[in-house]
Amino acid sequence: MSALANHRFLKMNGLGNEIVVLDLRSTSLRVGAAEARAIAADPRSRFDQLMVLHDPATPGTDAYLRIYNTDGSESGACGNGTRCVAWAMAADPVMGRPGADRLVLETKAGLLPTERVSPTAFTVDMGPPRLGWQDIPLAVPFPDTLAVELRTRLPDAPELARPSAVSMGNPHAVFWVEDAAAYDLSAIGPKLEHDPVFPERANVSLAQVLAPDRILLRVWERGAGITRACGSAACAALVAAARKGLTGRKATVSLPGGDLVIEWRESDGHVLMTGETELEHEGILSPALFAGAA
Ligand SMILES: N[C@H](CCC[C@H](N)C(=O)O)C(=O)O
């Protein structure tokens, strides 16, 4: 039986991006890929991302996070999930500490300071974007990651070509489109996620710039498929749009599940993401969940 059996979890969401929060602080447990897939397979604990809290690894930080996708793969960043963790650490009666309205969380990609801006909304400092081809990473050198040589087309849809590539601690490809609704993202997403130009796969976005301060975004996530929102993709899209001169450095990014406000701060080049969180229910991981997980 998995040592994770009978652990308490929170089912949350950030703009409909389905998040499960699991607190493994003060244990030495670690979630394996098969265990993550087993947790995702149960409707009560279904997730796009599983956010696992571990004891802090660096002095001055409040927790170390491991982030799992539905398919069991790990990511260095999850914007929506990071806001959910910040809520849990401030407001959950078991996990939280009253007054913990400013935290510093850490992932394998770096430090993420968070700040509570309302009872349920948080700003996360997602750090600086990484724009070099090796940092995203891309398989071959591209001096300019604003337009990566990649094209694809499905019958009856306009061509998708020359995405901007950005890492927010995880790899993103942002395609600029006139009409984000004109594409069958569930058909095109898996193909682009696995394109050989992305050796660590990629999150794939369709971005439609509506105004210098508004972007409409649909996202196919690496390891999770279509989600109702993706915070790191919203950050990647704003950074690339600002670099291209399509928007200013601050914009509202509208996703199917709602709006995020993203700012690429002039003073230090960090990207700030602000948005809501919602608690759906709590539960206990049933031992039966792990029967087939190896
Ligand atoms: N939903 C997340 C992104 C998960 C990233 C993941 N799909 C990957 O990079 O593997 C977000 O709000 O940023």
# chains A, B, ... in the order shown; residues from 1 in each chain; ligands from 1

call {"tool": "residues_near_ligand", "arguments": {"ligand": "ligand 1", "cutoff": "8 Å", "atoms": "only C-alpha atoms and all ligand atoms", "output": "PyMOL selection string"}}
result
chain A and resi 14+17+48-49+67-69+73-82+169-172+202-203+221-225+227+229-234

call {"tool": "residues_around", "arguments": {"residues": "segment 124-137 of chain A", "least_positions_apart": "6", "cutoff": "8 Å", "atoms": "only C-alpha atoms", "output": "ChimeraX atom specification"}}
result
/A:79,82-83,110-115,143-145,165-172,198-200,232,236,239,268-274

call {"tool": "residues_around", "arguments": {"residues": "segment 21-33 of chain A", "least_positions_apart": "6", "cutoff": "9 Å", "atoms": "only C-alpha atoms", "output": "ChimeraX atom specification"}}
result
/A:3-4,7-12,49-56,63-64,66,68,71-74,81,84-85,88,95,293-294

call {"tool": "closest_residue", "arguments": {"among": "A:Ser45, A:Gln208, A:Thr247, A:Ser186", "to": "Leu154 of chain A", "atoms": "only C-alpha atoms"}}
result
A:Ser186

call {"tool": "select_by_dssp", "arguments": {"residues": "segment 191-239 of chain A", "states": "strand (DSSP E or B)", "output": "PyMOL selection string"}}
result
chain A and resi 203-211+214-221+225-227

call {"tool": "write_last_selection", "arguments": {"atoms": "C-alpha atoms", "output": "short mmCIF file (atom, residue, chain, number, x, y, z; two decimals), in the first residue's frame"}}
result
data_model
loop_
_atom_site.label_atom_id
_atom_site.label_comp_id
_atom_site.auth_asym_id
_atom_site.auth_seq_id
_atom_site.Cartn_x
_atom_site.Cartn_y
_atom_site.Cartn_z
CA ASN A 203 2.85 24.01 -22.99
CA VAL A 204 1.15 25.32 -26.13
CA SER A 205 -0.94 28.50 -26.17
CA LEU A 206 -3.08 30.29 -28.73
CA ALA A 207 -2.93 34.02 -28.01
CA GLN A 208 -5.25 36.60 -29.49
CA VAL A 209 -4.31 40.17 -28.63
CA LEU A 210 -7.55 42.10 -28.08
CA ALA A 211 -6.03 45.41 -26.96
CA ARG A 214 -5.84 42.50 -22.99
CA ILE A 215 -4.94 39.05 -24.32
CA LEU A 216 -7.31 36.14 -24.91
CA LEU A 217 -5.57 32.83 -24.27
CA ARG A 218 -6.35 29.12 -24.73
CA VAL A 219 -3.82 26.58 -23.46
CA TRP A 220 -2.90 22.98 -24.15
CA GLU A 221 -0.76 22.00 -21.15
CA GLY A 225 -4.08 18.62 -21.94
CA ILE A 226 -6.58 21.46 -22.29
CA THR A 227 -7.14 23.29 -19.02
#

call {"tool": "closest_residue", "arguments": {"among": "A:Lys191, A:Arg153, A:Arg97, A:Arg201", "to": "Ala139 of chain A", "atoms": "only C-alpha atoms"}}
result
A:Arg201

call {"tool": "atom_distance", "arguments": {"atom1": "atom CA of Val253 of chain A", "atom2": "atom CA of Asp213 of chain A"}}
result
8.4 Å

call {"tool": "closest_residue", "arguments": {"among": "A:Gly275, A:Thr58, A:Pro212, A:Leu150", "to": "Leu246 of chain A", "atoms": "only C-alpha atoms"}}
result
A:Pro212

call {"tool": "select_by_dssp", "arguments": {"residues": "segment 38-275 of chain A", "states": "alpha helix (DSSP H)", "output": "PyMOL selection string"}}
result
chain A and resi 38-41+79-91+185-193+231-243

call {"tool": "closest_residue", "arguments": {"among": "A:Ser164, A:Asn6, A:Thr61, A:Thr152", "to": "Ile284 of chain A", "atoms": "only C-alpha atoms"}}
result
A:Asn6

call {"tool": "atom_distance", "arguments": {"atom1": "atom CA of Val104 of chain A", "atom2": "atom CA of Ala241 of chain A"}}
result
27.8 Å

call {"tool": "atom_distance", "arguments": {"atom1": "atom CA of Ala40 of chain A", "atom2": "atom CA of Gly257 of chain A"}}
result
19.9 Å

call {"tool": "residues_around", "arguments": {"residues": "Gly258 of chain A", "least_positions_apart": "4", "cutoff": "8 Å", "atoms": "only C-alpha atoms", "output": "number ranges by chain"}}
result
A: 15-16, 229, 254

call {"tool": "write_last_selection", "arguments": {"atoms": "C-alpha atoms", "output": "mmCIF file, in the first residue's frame"}}
result
data_model
loop_
_atom_site.group_PDB
_atom_site.id
_atom_site.type_symbol
_atom_site.label_atom_id
_atom_site.label_comp_id
_atom_site.auth_asym_id
_atom_site.auth_seq_id
_atom_site.Cartn_x
_atom_site.Cartn_y
_atom_site.Cartn_z
ATOM 1 C CA LEU A 15 -9.789 29.912 -12.504
ATOM 2 C CA GLY A 16 -10.941 26.364 -13.151
ATOM 3 C CA ALA A 229 -6.510 28.320 -17.176
ATOM 4 C CA SER A 254 -8.539 36.220 -20.228
#

call {"tool": "closest_residue", "arguments": {"among": "A:Glu193, A:Asp101, A:Asp259, A:Asp42", "to": "Asp62 of chain A", "atoms": "only C-alpha atoms"}}
result
A:Asp101
